[in-house]
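A.B. asks: Got a structure for you, coords-v4.pdb, holding PDB, C-alpha atoms.
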ATOM      1  CA  MET E 876      98.222 120.176  34.865
ATOM      2  CA  ARG E 877      94.973 119.695  36.767
ATOM      3  CA  ILE E 878      94.962 116.357  38.611
ATOM      4  CA  PRO E 879      91.664 114.781  39.765
ATOM      5  CA  VAL E 880      91.886 113.194  43.226
ATOM      6  CA  GLY E 881      88.788 111.980  45.013
ATOM      7  CA  ASP E 882      86.150 114.690  44.766
ATOM      8  CA  ARG E 883      88.733 117.409  44.195
ATOM      9  CA  VAL E 884      91.199 118.620  41.586
ATOM     10  CA  LEU E 885      94.808 119.552  42.369
ATOM     11  CA  ASP E 886      95.777 122.492  40.189
ATOM     12  CA  CYS E 887      99.469 121.895  39.512
ATOM     13  CA  THR E 888      99.563 124.007  36.364
ATOM     14  CA  ARG E 889     101.964 126.575  37.842
ATOM     15  CA  ARG E 890     102.676 125.089  41.237
ATOM     16  CA  THR E 891     103.923 121.941  42.915
ATOM     17  CA  ALA E 892     101.661 120.235  45.446
ATOM     18  CA  ILE E 893     102.951 118.665  48.655
ATOM     19  CA  MET E 894     102.298 115.119  49.831
ATOM     20  CA  GLY E 895     103.060 114.694  53.529
ATOM     21  CA  ILE E 896     104.446 111.440  54.954
ATOM     22  CA  VAL E 897     102.987 109.626  57.962
ATOM     23  CA  ASN E 898     104.263 106.218  59.045
ATOM     24  CA  VAL E 899     102.503 103.661  61.189
ATOM     25  CA  ALA E 900     105.289 101.208  60.416
ATOM     26  CA  THR E 901     107.407 100.537  63.470
ATOM     27  CA  ASP E 902     110.804 100.818  61.796
ATOM     28  CA  SER E 903     110.829 103.716  59.357
ATOM     29  CA  PRO E 904     114.335 105.232  59.208
ATOM     30  CA  VAL E 905     112.859 108.717  59.764
ATOM     31  CA  SER E 906     111.767 108.346  63.381
ATOM     32  CA  GLU E 907     109.909 111.686  63.446
ATOM     33  CA  SER E 908     107.428 110.320  60.909
ATOM     34  CA  VAL E 909     106.601 107.206  62.957
ATOM     35  CA  ALA E 910     103.391 107.369  64.951
ATOM     36  CA  THR E 911     100.708 105.334  66.655
ATOM     37  CA  ALA E 912      97.296 105.365  65.011
ATOM     38  CA  ALA E 913      96.050 108.256  67.153
ATOM     39  CA  GLU E 914      99.277 110.215  66.671
ATOM     40  CA  ALA E 915      99.189 109.543  62.934
ATOM     41  CA  VAL E 916      95.771 111.138  62.525
ATOM     42  CA  ALA E 917      96.906 114.229  64.430
ATOM     43  CA  MET E 918     100.142 114.323  62.400
ATOM     44  CA  GLY E 919      98.251 114.125  59.129
ATOM     45  CA  ARG E 920      95.941 116.908  60.245
ATOM     46  CA  ARG E 921      98.935 119.122  61.117
ATOM     47  CA  GLN E 922     100.525 118.435  57.753
ATOM     48  CA  VAL E 923      97.415 119.590  55.920
ATOM     49  CA  GLU E 924      97.317 122.729  58.065
ATOM     50  CA  ALA E 925     100.981 123.327  57.154
ATOM     51  CA  GLY E 926     100.316 123.091  53.433
ATOM     52  CA  ALA E 927     100.063 119.444  52.367
ATOM     53  CA  ALA E 928      97.494 118.717  49.653
ATOM     54  CA  LEU E 929      97.628 114.994  50.405
ATOM     55  CA  VAL E 930      98.930 112.752  53.176
ATOM     56  CA  ASP E 931     100.700 109.477  52.327
ATOM     57  CA  VAL E 932     100.222 106.840  55.026
ATOM     58  CA  GLY E 933     102.422 103.749  55.166
ATOM     59  CA  ALA E 934     102.602 100.747  57.456
ATOM     60  CA  HIS E 935     105.389  98.673  55.858
ATOM     61  CA  SER E 936     108.819 100.212  55.430
ATOM     62  CA  THR E 937     110.825  99.564  52.256
ATOM     63  CA  ARG E 938     114.002  99.689  54.372
ATOM     64  CA  SER E 939     116.434  96.862  53.633
ATOM     65  CA  GLY E 940     116.499  94.460  56.566
ATOM     66  CA  GLY E 941     113.389  95.981  58.115
ATOM     67  CA  GLU E 942     110.466  94.110  59.612
ATOM     68  CA  SER E 943     108.016  92.287  57.358
ATOM     69  CA  PRO E 944     104.516  92.534  58.784
ATOM     70  CA  SER E 945     101.846  90.259  57.383
ATOM     71  CA  ALA E 946      99.211  91.754  55.092
ATOM     72  CA  ARG E 947      96.743  91.491  57.982
ATOM     73  CA  GLU E 948      99.060  93.412  60.301
ATOM     74  CA  GLU E 949      99.621  96.058  57.635
ATOM     75  CA  ILE E 950      95.879  96.466  57.106
ATOM     76  CA  ASP E 951      95.206  96.682  60.843
ATOM     77  CA  ARG E 952      97.797  99.430  61.263
ATOM     78  CA  LEU E 953      96.867 101.349  58.156
ATOM     79  CA  CYS E 954      93.137 101.343  57.679
ATOM     80  CA  PRO E 955      92.003 103.037  60.919
ATOM     81  CA  VAL E 956      94.292 105.974  60.100
ATOM     82  CA  VAL E 957      93.118 106.120  56.487
ATOM     83  CA  ALA E 958      89.469 106.022  57.553
ATOM     84  CA  ALA E 959      89.893 108.694  60.229
ATOM     85  CA  LEU E 960      91.771 111.116  57.970
ATOM     86  CA  ALA E 961      89.408 110.581  55.045
ATOM     87  CA  ALA E 962      86.440 111.215  57.352
ATOM     88  CA  GLU E 963      87.986 114.605  58.171
ATOM     89  CA  GLY E 964      88.188 115.487  54.488
ATOM     90  CA  VAL E 965      91.912 114.803  54.062
ATOM     91  CA  LEU E 966      93.056 113.424  50.714
ATOM     92  CA  VAL E 967      94.850 110.207  51.649
ATOM     93  CA  SER E 968      97.419 108.237  49.688
ATOM     94  CA  VAL E 969      98.303 104.748  50.906
ATOM     95  CA  ASP E 970     101.872 103.505  50.559
ATOM     96  CA  THR E 971     101.741  99.765  49.874
ATOM     97  CA  TRP E 972     102.812  97.229  47.277
ATOM     98  CA  ARG E 973     100.361  94.528  48.385
ATOM     99  CA  GLY E 974      97.082  94.206  46.537
ATOM    100  CA  ALA E 975      95.066  93.013  49.535
ATOM    101  CA  VAL E 976      96.240  96.036  51.514
ATOM    102  CA  ALA E 977      95.488  98.395  48.637
ATOM    103  CA  ARG E 978      91.933  97.060  48.401
ATOM    104  CA  ALA E 979      91.327  97.368  52.138
ATOM    105  CA  ALA E 980      92.732 100.896  52.171
ATOM    106  CA  VAL E 981      90.624 102.070  49.226
ATOM    107  CA  GLU E 982      87.554 100.572  50.893
ATOM    108  CA  ALA E 983      88.530 102.508  54.048
ATOM    109  CA  GLY E 984      88.619 105.764  52.073
ATOM    110  CA  ALA E 985      92.083 106.079  50.481
ATOM    111  CA  HIS E 986      92.120 108.317  47.404
ATOM    112  CA  VAL E 987      95.494 107.259  45.908
ATOM    113  CA  VAL E 988      97.537 104.026  45.915
ATOM    114  CA  ASN E 989     101.292 104.639  46.046
ATOM    115  CA  ASP E 990     102.928 101.436  44.819
ATOM    116  CA  VAL E 991     106.733 101.231  44.735
ATOM    117  CA  SER E 992     106.451  97.956  42.795
ATOM    118  CA  ALA E 993     104.633  99.633  39.886
ATOM    119  CA  GLY E 994     101.576  97.398  40.031
ATOM    120  CA  SER E 995     103.380  94.075  40.292
ATOM    121  CA  ASP E 996     100.468  92.639  42.315
ATOM    122  CA  ALA E 997      97.522  91.967  39.997
ATOM    123  CA  GLU E 998      95.090  92.742  42.810
ATOM    124  CA  THR E 999      96.460  96.292  43.088
ATOM    125  CA  VAL E1000      95.829  96.764  39.386
ATOM    126  CA  ARG E1001      92.277  95.438  39.718
ATOM    127  CA  VAL E1002      91.577  97.787  42.633
ATOM    128  CA  ALA E1003      92.840 100.826  40.735
ATOM    129  CA  ALA E1004      90.926  99.833  37.590
ATOM    130  CA  GLU E1005      87.650  99.081  39.358
ATOM    131  CA  SER E1006      87.643 102.132  41.620
ATOM    132  CA  GLY E1007      89.283 104.721  39.360
ATOM    133  CA  THR E1008      91.786 105.402  42.122
ATOM    134  CA  PRO E1009      95.024 107.025  40.940
ATOM    135  CA  LEU E1010      97.949 104.595  41.017
ATOM    136  CA  ILE E1011     101.495 105.875  41.532
ATOM    137  CA  VAL E1012     103.974 103.628  39.727
ATOM    138  CA  MET E1013     107.663 103.803  40.553
ATOM    139  CA  HIS E1014     110.853 102.730  38.798
ATOM    140  CA  MET E1015     113.010 100.329  40.773
ATOM    141  CA  ARG E1016     115.474  97.622  39.940
ATOM    142  CA  GLY E1017     114.988  94.646  42.216
ATOM    143  CA  ARG E1018     112.221  94.230  44.764
ATOM    144  CA  PRO E1019     111.076  96.273  47.783
ATOM    145  CA  LYS E1020     113.426  95.769  50.754
ATOM    146  CA  GLN E1021     115.989  94.131  48.413
ATOM    147  CA  HIS E1022     116.766  96.985  46.018
ATOM    148  CA  ARG E1023     120.209  97.631  47.505
ATOM    149  CA  ARG E1024     121.294  94.253  46.121
ATOM    150  CA  ALA E1025     120.362  95.192  42.541
ATOM    151  CA  ASP E1026     122.858  96.273  39.890
ATOM    152  CA  GLN E1027     123.288 100.050  40.200
ATOM    153  CA  ARG E1028     125.152 100.650  36.952
ATOM    154  CA  TYR E1029     123.234 102.613  34.321
ATOM    155  CA  ALA E1030     124.168 103.553  30.776
ATOM    156  CA  ASP E1031     121.581 106.362  30.861
ATOM    157  CA  VAL E1032     119.459 106.436  34.008
ATOM    158  CA  GLY E1033     116.998 109.024  32.703
ATOM    159  CA  ALA E1034     116.322 107.090  29.508
ATOM    160  CA  GLU E1035     115.857 103.803  31.388
ATOM    161  CA  VAL E1036     113.475 105.334  33.905
ATOM    162  CA  ARG E1037     111.404 107.049  31.232
ATOM    163  CA  ALA E1038     111.185 103.934  29.088
ATOM    164  CA  PHE E1039     110.154 101.762  32.033
ATOM    165  CA  LEU E1040     107.500 104.178  33.289
ATOM    166  CA  ALA E1041     106.080 104.765  29.810
ATOM    167  CA  GLU E1042     105.852 101.036  29.133
ATOM    168  CA  ARG E1043     104.360 100.314  32.557
ATOM    169  CA  ALA E1044     101.796 103.089  32.224
ATOM    170  CA  GLU E1045     100.730 101.790  28.818
ATOM    171  CA  ALA E1046     100.362  98.249  30.179
ATOM    172  CA  LEU E1047      98.331  99.413  33.172
ATOM    173  CA  ALA E1048      96.115 101.595  30.996
ATOM    174  CA  SER E1049      95.377  98.552  28.823
ATOM    175  CA  GLN E1050      94.178  96.803  31.999
ATOM    176  CA  GLY E1051      91.745  99.587  32.808
ATOM    177  CA  VAL E1052      93.766 101.813  35.137
ATOM    178  CA  SER E1053      92.636 105.294  34.156
ATOM    179  CA  ARG E1054      94.756 107.497  36.416
ATOM    180  CA  ILE E1055      98.485 106.770  36.502
ATOM    181  CA  TRP E1056     101.084 108.938  38.221
ATOM    182  CA  LEU E1057     104.833 108.467  37.720
ATOM    183  CA  ASP E1058     107.586 108.293  40.345
ATOM    184  CA  PRO E1059     111.163 107.952  39.008
ATOM    185  CA  GLY E1060     112.238 106.165  42.210
ATOM    186  CA  TYR E1061     114.930 108.267  43.810
ATOM    187  CA  GLU E1062     117.429 106.221  45.881
ATOM    188  CA  PHE E1063     115.977 102.859  44.815
ATOM    189  CA  ALA E1064     118.970 100.984  43.345
ATOM    190  CA  LYS E1065     120.539 104.196  42.072
ATOM    191  CA  PRO E1066     123.912 105.736  43.008
ATOM    192  CA  ALA E1067     124.052 109.347  44.190
ATOM    193  CA  ASP E1068     125.217 110.895  40.909
ATOM    194  CA  ASP E1069     122.515 109.097  38.940
ATOM    195  CA  ASN E1070     119.873 110.501  41.260
ATOM    196  CA  VAL E1071     121.087 113.958  40.257
ATOM    197  CA  ARG E1072     121.132 112.994  36.581
ATOM    198  CA  MET E1073     117.572 111.761  36.970
ATOM    199  CA  LEU E1074     116.539 115.089  38.469
ATOM    200  CA  LEU E1075     118.059 116.912  35.492
ATOM    201  CA  ASP E1076     116.082 114.595  33.200
ATOM    202  CA  THR E1077     112.781 115.818  34.741
ATOM    203  CA  PRO E1078     111.721 117.917  31.711
ATOM    204  CA  ALA E1079     111.909 114.808  29.505
ATOM    205  CA  LEU E1080     109.943 112.764  32.040
ATOM    206  CA  LEU E1081     107.235 115.436  32.132
ATOM    207  CA  GLU E1082     106.836 115.049  28.376
ATOM    208  CA  LEU E1083     105.130 111.693  29.037
ATOM    209  CA  GLY E1084     102.133 113.815  29.991
ATOM    210  CA  ARG E1085     101.310 112.205  33.333
ATOM    211  CA  PRO E1086     101.548 113.575  36.880
ATOM    212  CA  VAL E1087     105.091 113.220  38.227
ATOM    213  CA  VAL E1088     105.813 112.619  41.913
ATOM    214  CA  VAL E1089     109.251 113.138  43.463
ATOM    215  CA  SER E1090     109.966 111.223  46.666
ATOM    216  CA  ALA E1091     113.496 112.069  47.788
ATOM    217  CA  SER E1092     112.905 113.248  51.338
ATOM    218  CA  ARG E1093     115.837 112.554  53.674
ATOM    219  CA  LYS E1094     117.164 109.748  51.509
ATOM    220  CA  GLY E1095     120.660 108.347  51.576
ATOM    221  CA  PHE E1096     121.851 109.769  48.263
ATOM    222  CA  LEU E1097     121.393 113.271  49.703
ATOM    223  CA  ALA E1098     123.682 112.352  52.595
ATOM    224  CA  GLU E1099     126.245 111.170  50.040
ATOM    225  CA  LEU E1100     125.976 114.465  48.169
ATOM    226  CA  LEU E1101     126.756 116.156  51.484
ATOM    227  CA  GLY E1102     129.961 114.125  51.721
ATOM    228  CA  ALA E1103     128.884 111.145  53.828
ATOM    229  CA  PRO E1104     129.741 107.584  52.803
ATOM    230  CA  LYS E1105     126.998 105.171  51.738
ATOM    231  CA  LEU E1106     125.272 104.362  55.025
ATOM    232  CA  PRO E1107     122.599 101.958  56.281
ATOM    233  CA  SER E1108     119.148 103.556  56.127
ATOM    234  CA  ALA E1109     118.863 104.115  59.877
ATOM    235  CA  ALA E1110     122.262 105.850  60.052
ATOM    236  CA  VAL E1111     121.490 108.285  57.224
ATOM    237  CA  GLN E1112     119.209 110.380  59.438
ATOM    238  CA  SER E1113     122.088 111.422  61.708
ATOM    239  CA  VAL E1114     123.933 113.180  58.853
ATOM    240  CA  ALA E1115     124.029 116.931  59.492
ATOM    241  CA  GLY E1116     122.204 119.002  56.904
ATOM    242  CA  LEU E1117     119.955 116.235  55.558
ATOM    243  CA  ALA E1118     116.744 118.240  56.007
ATOM    244  CA  GLU E1119     118.297 121.247  54.275
ATOM    245  CA  ALA E1120     119.555 119.050  51.424
ATOM    246  CA  THR E1121     116.047 117.654  51.031
ATOM    247  CA  LEU E1122     114.625 121.159  50.861
ATOM    248  CA  ALA E1123     117.149 122.166  48.187
ATOM    249  CA  PHE E1124     116.444 119.069  46.116
ATOM    250  CA  ASN E1125     112.675 119.522  46.233
ATOM    251  CA  THR E1126     113.034 123.212  45.389
ATOM    252  CA  LEU E1127     114.984 122.258  42.267
ATOM    253  CA  ALA E1128     112.389 119.603  41.401
ATOM    254  CA  ALA E1129     109.584 122.149  41.762
ATOM    255  CA  TRP E1130     111.444 124.667  39.604
ATOM    256  CA  LEU E1131     111.775 121.974  36.920
ATOM    257  CA  GLY E1132     108.005 121.495  37.037
ATOM    258  CA  VAL E1133     107.238 118.297  38.950
ATOM    259  CA  HIS E1134     103.641 118.129  40.060
ATOM    260  CA  ILE E1135     103.982 116.655  43.569
ATOM    261  CA  VAL E1136     106.796 116.322  46.117
ATOM    262  CA  ARG E1137     106.466 113.745  48.890
ATOM    263  CA  VAL E1138     108.126 115.058  52.067
ATOM    264  CA  HIS E1139     108.511 114.687  55.811
ATOM    265  CA  ASP E1140     109.010 118.417  56.474
ATOM    266  CA  VAL E1141     105.803 119.921  55.132
ATOM    267  CA  ALA E1142     105.922 123.430  56.624
ATOM    268  CA  ALA E1143     109.473 124.210  55.447
ATOM    269  CA  THR E1144     108.719 122.801  52.003
ATOM    270  CA  ALA E1145     105.547 124.888  51.728
ATOM    271  CA  HIS E1146     107.509 128.078  52.448
ATOM    272  CA  ALA E1147     110.146 127.217  49.837
ATOM    273  CA  LEU E1148     107.607 126.294  47.179
ATOM    274  CA  ARG E1149     105.793 129.593  47.544
ATOM    275  CA  VAL E1150     108.970 131.285  46.316
ATOM    276  CA  VAL E1151     109.276 128.815  43.437
ATOM    277  CA  GLU E1152     105.637 129.388  42.538
ATOM    278  CA  ALA E1153     106.165 133.144  42.408
ATOM    279  CA  ALA E1154     109.251 132.738  40.232
ATOM    280  CA  ARG E1155     107.512 130.337  37.852
ATOM    281  CA  ALA E1156     104.567 132.721  37.482
ATOM    282  CA  LEU E1157     106.819 135.662  36.623
ATOM    283  CA  GLY E1158     108.937 133.568  34.282
ATOM    284  CA  GLU E1159     106.069 132.631  31.998
TER     285      GLU E1159
END
Rewrite the structure from the file as structure tokens, please.

C.D. replies:
Amino acid sequence: MRIPVGDRVLDCTRRTAIMGIVNVATDSPVSESVATAAEAVAMGRRQVEAGAALVDVGAHSTRSGGESPSAREEIDRLCPVVAALAAEGVLVSVDTWRGAVARAAVEAGAHVVNDVSAGSDAETVRVAAESGTPLIVMHMRGRPKQHRRADQRYADVGAEVRAFLAERAEALASQGVSRIWLDPGYEFAKPADDNVRMLLDTPALLELGRPVVVSASRKGFLAELLGAPKLPSAAVQSVAGLAEATLAFNTLAAWLGVHIVRVHDVAATAHALRVVEAARALGE
């Protein structure tokens, strides 16, 4: 699949592209990704040099119990970084579920809006429709920052996720959103085993014919798969082997054909995906 972004096209026909993660939120659970505005620009630049095709910048953590900045605070943190990276030719995704923030970020130069609420804010939908900016829509039970309270029992997690994303994409397309990417929502109100089931359902999700983004980097379900109990978000990062588990998970996702993986550890992921790319090419 060839995916238009800004003035470029990501060729994900036989390869998986990398989206790096940069946080200007103050309380992201992954402390290595947290940066001041100046540090964030340098971090984004390094991620591109290491192999990222895009950089996802966020200023409001989805962590349960985390801080809740106002829309104005989120814009003030986010937009200078977006503008600086875009001015350097970096493809920038903005991680927000607020329409006012999405509009400000697109006006500052953002090329993608990454919305964990799947376009629940009508202003986000208007921005994506008016500008032609790709909109990433994610499956989640509950609301951002409150998803741990949602019912986590699924009859068939893959079927539910696919049905939700297909229905949401159709609704957004009817409102003029022309570029819609799908994120199955790893960790968001899903137990560890169902995250694995969802990964195995990837081929069916790809049949919807839209770009698929996997965002599983250093998430709690991976710690559980390593044998840890269910932990608060901040405590997950101390679990030994979490980076390696992330790398394994994203390697499997790439082998199954996802188009984009969103990660903290860009360089290591780029090395792993080169091997996957070679294997996929020889397997065709």

A.B. asks: Run the PyMOL selection byres ((chain E and resi 1136-1151) around 6) against the file shown and list the residues it catches, as a PyMOL selection string.

C.D. replies: chain E and resi 893-896+925-926+1088-1090+1092+1135+1152-1154

A.B. asks: Determine, counting all atoms listed in the file, which protein, DNA and RNA residues have an atom within 8 Å of an atom of region 876-892 of chain E; residues of the same chain fewer than 5 positions away are not included. Present the result as a PyMOL selection string.

C.D. replies: chain E and resi 927-928+966+986-987+1008-1009+1086+1129+1132-1136+1148+1151-1152+1155-1156

A.B. asks: What does the structure give for the distance between CA of Glu1045 (chain E) and CA of Asp1058 (chain E), in Å to one decimal?

C.D. replies: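 CA of Asp1058 (chain E) lies at a distance of 14.9 Å from CA of Glu1045 (chain E).
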
A.B. asks: Counting all atoms listed in the file, which residues in region 972-1050 of chain E sit no more than 10 Å from region 1073-1076 of chain E? For each one, give the nearest pair of atoms and the distance in Å, sorted by chain then residue number, as a tab-separated table.

C.D. replies:
residue	atom	partner	partner_atom	distance
E:Asp1031	CA	E:Met1073	CA	9.1
E:Val1032	CA	E:Met1073	CA	6.4
E:Gly1033	CA	E:Met1073	CA	5.1
E:Ala1034	CA	E:Asp1076	CA	8.4
E:Glu1035	CA	E:Met1073	CA	9.9
E:Val1036	CA	E:Met1073	CA	8.2
E:Arg1037	CA	E:Asp1076	CA	9.1

A.B. asks: On this structure, the PyMOL selection byres ((chain E and resi 1065) around 10) would catch which residues? List them as JSON, numbers by chain, sorted by chain and number.

C.D. replies: {"E": [1015, 1016, 1022, 1023, 1025, 1026, 1027, 1028, 1029, 1032, 1060, 1061, 1062, 1063, 1064, 1066, 1067, 1068, 1069, 1070, 1071, 1073, 1096]}

A.B. asks: Could you check the closest approach to Ala975 (chain E) for each of E:Arg1043, E:Arg1093, E:Arg1001, E:Arg952 and tell me which residue wins, using all atoms listed in the file?

C.D. replies: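 Nearest candidate to Ala975 (chain E) out of E:Arg1043, E:Arg1093, E:Arg1001, E:Arg952: E:Arg1001.
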
A.B. asks: Using all atoms listed in the file, which residue out of E:Met1013, E:Val899, E:Val1000, E:Ile950 lies closest to Val932 (chain E)?

C.D. replies: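 Ranked by minimum distance to Val932 (chain E), first place goes to E:Val899.
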
A.B. asks: List the neighbours of Ser995 (chain E) out to 9 Å using all atoms listed in the file; skip same-chain residues closer than 3 positions along the sequence, and give me the result as a ChimeraX atom specification.

C.D. replies: /E:972-974,990,992,998-1000

A.B. asks: For the provided coordinates, the residues matched by the PyMOL selection byres ((chain E and resi 988) around 6) should be stated as number ranges by chain.

C.D. replies: E: 968-969, 987, 989, 1010

A.B. asks: CA of Ala1003 (chain E) to CA of Thr911 (chain E): how many Å, to one decimal?

C.D. replies: 27.5 Å

A.B. asks: For each of E:Gly1084, E:Gly1017, E:Gly964, E:Gly1007, take the minimum atom-to-atom distance to Arg1054 (chain E), counting all atoms listed in the file, then give the residue where this is smallest.

C.D. replies: E:Gly1007

A.B. asks: When you count only C-alpha atoms, which of these residues is closest to Val1012 (chain E): E:Arg947, E:Arg978, E:Arg1085, E:Arg920?

C.D. replies: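 Of the candidates, the smallest distance to Val1012 (chain E) is held by E:Arg1085.
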
A.B. asks: In terms of the shortest atom-to-atom distance over all atoms listed in the file, which of E:Val965, E:Leu1097, E:Lys1105, E:Ala977 is closest to Leu1122 (chain E)?

C.D. replies: E:Leu1097

A.B. asks: Report, in Å to a single decimal, how far apart CA of Val981 (chain E) and CA of Ser1006 (chain E) are.

C.D. replies: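 It comes out at 8.2 Å.
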
A.B. asks: Could you check the closest approach to Val1052 (chain E) for each of E:Ala958, E:Glu924, E:Glu948, E:Glu1005 and tell me which residue wins, using only C-alpha atoms?

C.D. replies: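 Among the listed residues, E:Glu1005 lies closest to Val1052 (chain E).
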
A.B. asks: The residues within 12 Å of (120.6, 119.5, 52.9), using only C-alpha atoms and the coordinates of the file, should be reported as a compact mmCIF listing (two decimals) with C-alpha atoms, in the coordinates of the input; which are they?

C.D. replies:
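What ended up in result02.txt:
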# COMPACT_ATOMS: atom_id res chain seq x y z
CA ALA E 1091 113.50 112.07 47.79
CA SER E 1092 112.90 113.25 51.34
CA ARG E 1093 115.84 112.55 53.67
CA LYS E 1094 117.16 109.75 51.51
CA GLY E 1095 120.66 108.35 51.58
CA PHE E 1096 121.85 109.77 48.26
CA LEU E 1097 121.39 113.27 49.70
CA ALA E 1098 123.68 112.35 52.60
CA GLU E 1099 126.24 111.17 50.04
CA LEU E 1100 125.98 114.46 48.17
CA LEU E 1101 126.76 116.16 51.48
CA GLY E 1102 129.96 114.12 51.72
CA ALA E 1103 128.88 111.14 53.83
CA GLN E 1112 119.21 110.38 59.44
CA VAL E 1114 123.93 113.18 58.85
CA ALA E 1115 124.03 116.93 59.49
CA GLY E 1116 122.20 119.00 56.90
CA LEU E 1117 119.96 116.24 55.56
CA ALA E 1118 116.74 118.24 56.01
CA GLU E 1119 118.30 121.25 54.28
CA ALA E 1120 119.56 119.05 51.42
CA THR E 1121 116.05 117.65 51.03
CA LEU E 1122 114.62 121.16 50.86
CA ALA E 1123 117.15 122.17 48.19
CA PHE E 1124 116.44 119.07 46.12
CA ASN E 1125 112.68 119.52 46.23
CA THR E 1126 113.03 123.21 45.39
